[in-house]
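One structure is given here, and the rest of the page talks about it.
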Amino acid sequence: MTHLEALNQALFLTLNGAPDSPWWRIAAATVVADDLILLIPLLLLGLWFWGNDARRNVALKACLVALLALGLNQLIGLIWPHPRPFALGLGHTFIPHAADSSFPSDHMTVFASIGIALFLGREKPLGTLVLLVSLSVAWARIYLGVHFPLDMLGAVAVSGISQAVVTPFWARVGDQTTRLALRLYRTLFAWPIATGWIRR
């Protein structure tokens with residue numbers, strides 16, 4: 001075992017919940033770990049349906065950053081599979097989870113990718129909020145026994161790499177892509193746009 005892995009496991013055992021943890025803490029952590037991610041598509045849809053064209057551009061770019069990062073996660077998992085804590089018999093597990101590769105965390109990758117893309121895309125308040133929420137998600141998934149701390153740091157690193165790759169590409173094709181998406185959107189959602197429910 002390397003020193004880094006030993007530190008990873010030691011930090012996990014420090015943050016992981018105990019068998020006598022209060023039920024309400026387990027319940028709250030479960031909601032944070034499993035359900036808060038549902039707010040991400042709602043946020044992006046909100047930016048698209050009610051935002052201006054600049055915000056829609058940022059939302060599309062954020063989606064691309066997250067998708068690329070998740071793809072990189074799959075590649076990393078194939079090349080370097082890392083067992084989850086419960087697969088190693090470490091700590092306590094409070095939610096069911098497949099025994100697939102833990103590194104990097106997909107949940108944290110989604111939050112970090114979207115948060116970074118928004119923050120660097122002139123949506124600093126929203127980006128900051130998403131990144132702050134991601135800290136609670138990281139804690140919850142470690143606390144409940146399905147991830148190591150380094151899984152979270154790895155997710156942030158992958159998200160940063162994805163942002164760096166997408167940014168120059170988006171600078172060339174982003175405006176055109178957004179225009180095409182808007183044309184399709186205004187055709188498919190013509191009726192709710194006409195009624196004023198969502199923005200043109």
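Each chain in the structure tokens gets a letter, A, B, ..., in the order shown, and its residues are numbered from 1; ligands are numbered from 1 in order too.
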
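Within the 8 Å cut-off around A:Leu70, using only C-alpha atoms and omitting residues fewer than 2 positions from it on the same chain, the listed residues are A:Ala66, A:Leu67, A:Leu68, A:Leu72, A:Asn73, A:Gln74, A:Asp106, A:Thr109, A:Val110.
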
In stretch 71-163 of chain A, what's helix (DSSP H, G or I) per DSSP? Answer as a VMD selection string? chain A and resid 71 to 79 85 to 88 106 to 120 124 to 143 149 to 163

So, with only C-alpha atoms as the atoms that count, which of A:Ile193, A:Leu42, A:Leu144, A:Ile161 lies closest to A:Leu15?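 Smallest separation from A:Leu15 among the options: A:Leu144.
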
With only C-alpha atoms as the counted atoms, please give the residues lying no more than 9 Å from A:Trp50, apart from itself and same-chain residues fewer than 4 positions off, as a ChimeraX atom specification. /A:45-46,56,197-200

Selected residues, N, CA and C atoms, written as a short mmCIF file (atom, residue, chain, number, x, y, z; two decimals), in the first residue's frame, please.
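What follows is the written file out-v7.cif:
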```cif
data_model
loop_
_atom_site.label_atom_id
_atom_site.label_comp_id
_atom_site.auth_asym_id
_atom_site.auth_seq_id
_atom_site.Cartn_x
_atom_site.Cartn_y
_atom_site.Cartn_z
N LEU A 45 -31.95 23.37 -16.98
CA LEU A 45 -33.20 23.64 -17.69
C LEU A 45 -33.70 25.05 -17.39
N GLY A 46 -33.53 25.47 -16.13
CA GLY A 46 -33.93 26.83 -15.77
C GLY A 46 -33.13 27.87 -16.53
N ARG A 56 -27.83 30.53 -22.00
CA ARG A 56 -28.08 29.27 -22.69
C ARG A 56 -26.78 28.71 -23.26
N TRP A 197 -44.88 31.16 -21.11
CA TRP A 197 -44.44 30.33 -19.99
C TRP A 197 -42.92 30.23 -19.92
N ILE A 198 -42.30 30.17 -21.08
CA ILE A 198 -40.84 30.11 -21.14
C ILE A 198 -40.35 31.17 -22.12
N ARG A 199 -39.08 31.47 -22.01
CA ARG A 199 -38.52 32.57 -22.79
C ARG A 199 -38.19 32.14 -24.22
N ARG A 200 -38.38 33.07 -25.13
CA ARG A 200 -38.02 32.79 -26.51
C ARG A 200 -36.50 32.75 -26.66
#
```

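One distance worth recording is that between atom CA of A:Leu43 and atom CA of A:Ala27, which is 23.9 Å.
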
Hey, can you check how far atom CA of A:Arg179 sits from atom CA of A:Asp53? 8.8 Å

Go through A:His82, A:His97, A:His107, A:His147 one by one, measure the shortest atom-to-atom distance of each to A:Val32 using only C-alpha atoms, and give the residue with the smallest value.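 Nearest candidate to A:Val32 out of A:His82, A:His97, A:His107, A:His147: A:His107.
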
Using only C-alpha atoms for the distances, tell me which of A:Val158, A:Ala138, A:Gly196, A:Tyr143 is nearest to A:Leu36. A:Ala138

Applying 9 Å and only C-alpha atoms, which residues near stretch 20-26 of chain A remain after dropping the ones on its own chain fewer than 2 positions away? List them as a PyMOL selection string. chain A and resi 17-18+28-31+94+140+143-144

So which residues touch A:Phe169 within 10 Å, counting only C-alpha atoms, skipping near sequence neighbours fewer than 5 positions away, as a VMD selection string? chain A and resid 61 164 174

Selection above as a file: C-alpha atoms, as a PDB file, in the first residue's frame:
```pdb
ATOM      1  CA  LYS A  61     -21.085  24.301 -22.574  1.00  0.00           C
ATOM      2  CA  ALA A 164      -9.648  22.978 -20.235  1.00  0.00           C
ATOM      3  CA  GLY A 174     -20.187  27.378 -29.228  1.00  0.00           C
TER       4      GLY A 174
END
```

Just how far from atom CA of A:Thr177 is atom CA of A:Leu44, in Å to one decimal?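 Computing it gives 16.3 Å between the two atoms.
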
Using only C-alpha atoms, which of A:Trp48, A:Thr2, A:Val166, A:Ala10 sits nearest A:Tyr185? A:Trp48

Which is closer to A:Pro81 than all the others in A:Leu180, A:Ala62, A:Ile142, A:Ser102, using only C-alpha atoms?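 Closest to A:Pro81 of all the choices is A:Ser102.
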
Residues within 7 Å of stretch 6-9 of chain A, please, as a list of chain:residue names. Count only C-alpha atoms; anything in the same chain fewer than 6 positions from it doesn't count.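 Returned residues: A:Phe148, A:Pro149, A:Leu150.
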
Could you list, as a PDB file with N, CA and C atoms, in the first residue's frame, every residue within 10 Å of A:Ala157, counting only C-alpha atoms and ignoring same-chain residues fewer than 6 positions away?
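selection-v4.pdb, freshly written:
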```pdb
ATOM      1  N   ALA A  69     -16.275  14.842 -19.008  1.00  0.00           N
ATOM      2  CA  ALA A  69     -15.680  14.414 -17.740  1.00  0.00           C
ATOM      3  C   ALA A  69     -16.186  13.031 -17.338  1.00  0.00           C
ATOM      4  N   PRO A 104     -12.841   8.129 -10.543  1.00  0.00           N
ATOM      5  CA  PRO A 104     -13.310   9.232  -9.691  1.00  0.00           C
ATOM      6  C   PRO A 104     -14.817   9.116  -9.441  1.00  0.00           C
ATOM      7  N   THR A 109     -18.146  14.517  -9.973  1.00  0.00           N
ATOM      8  CA  THR A 109     -17.756  14.996 -11.297  1.00  0.00           C
ATOM      9  C   THR A 109     -18.840  15.863 -11.912  1.00  0.00           C
ATOM     10  N   ALA A 112     -18.853  19.178  -9.899  1.00  0.00           N
ATOM     11  CA  ALA A 112     -17.647  19.974 -10.141  1.00  0.00           C
ATOM     12  C   ALA A 112     -17.611  20.500 -11.574  1.00  0.00           C
ATOM     13  N   SER A 113     -17.986  19.664 -12.537  1.00  0.00           N
ATOM     14  CA  SER A 113     -17.969  20.092 -13.939  1.00  0.00           C
ATOM     15  C   SER A 113     -18.929  21.245 -14.179  1.00  0.00           C
ATOM     16  N   ASP A 151     -11.398   9.929  -4.284  1.00  0.00           N
ATOM     17  CA  ASP A 151     -12.365   9.849  -5.386  1.00  0.00           C
ATOM     18  C   ASP A 151     -12.925  11.228  -5.698  1.00  0.00           C
ATOM     19  N   GLN A 163     -12.886  20.875 -18.550  1.00  0.00           N
ATOM     20  CA  GLN A 163     -13.111  22.301 -18.808  1.00  0.00           C
ATOM     21  C   GLN A 163     -12.018  22.862 -19.714  1.00  0.00           C
TER      22      GLN A 163
END
```
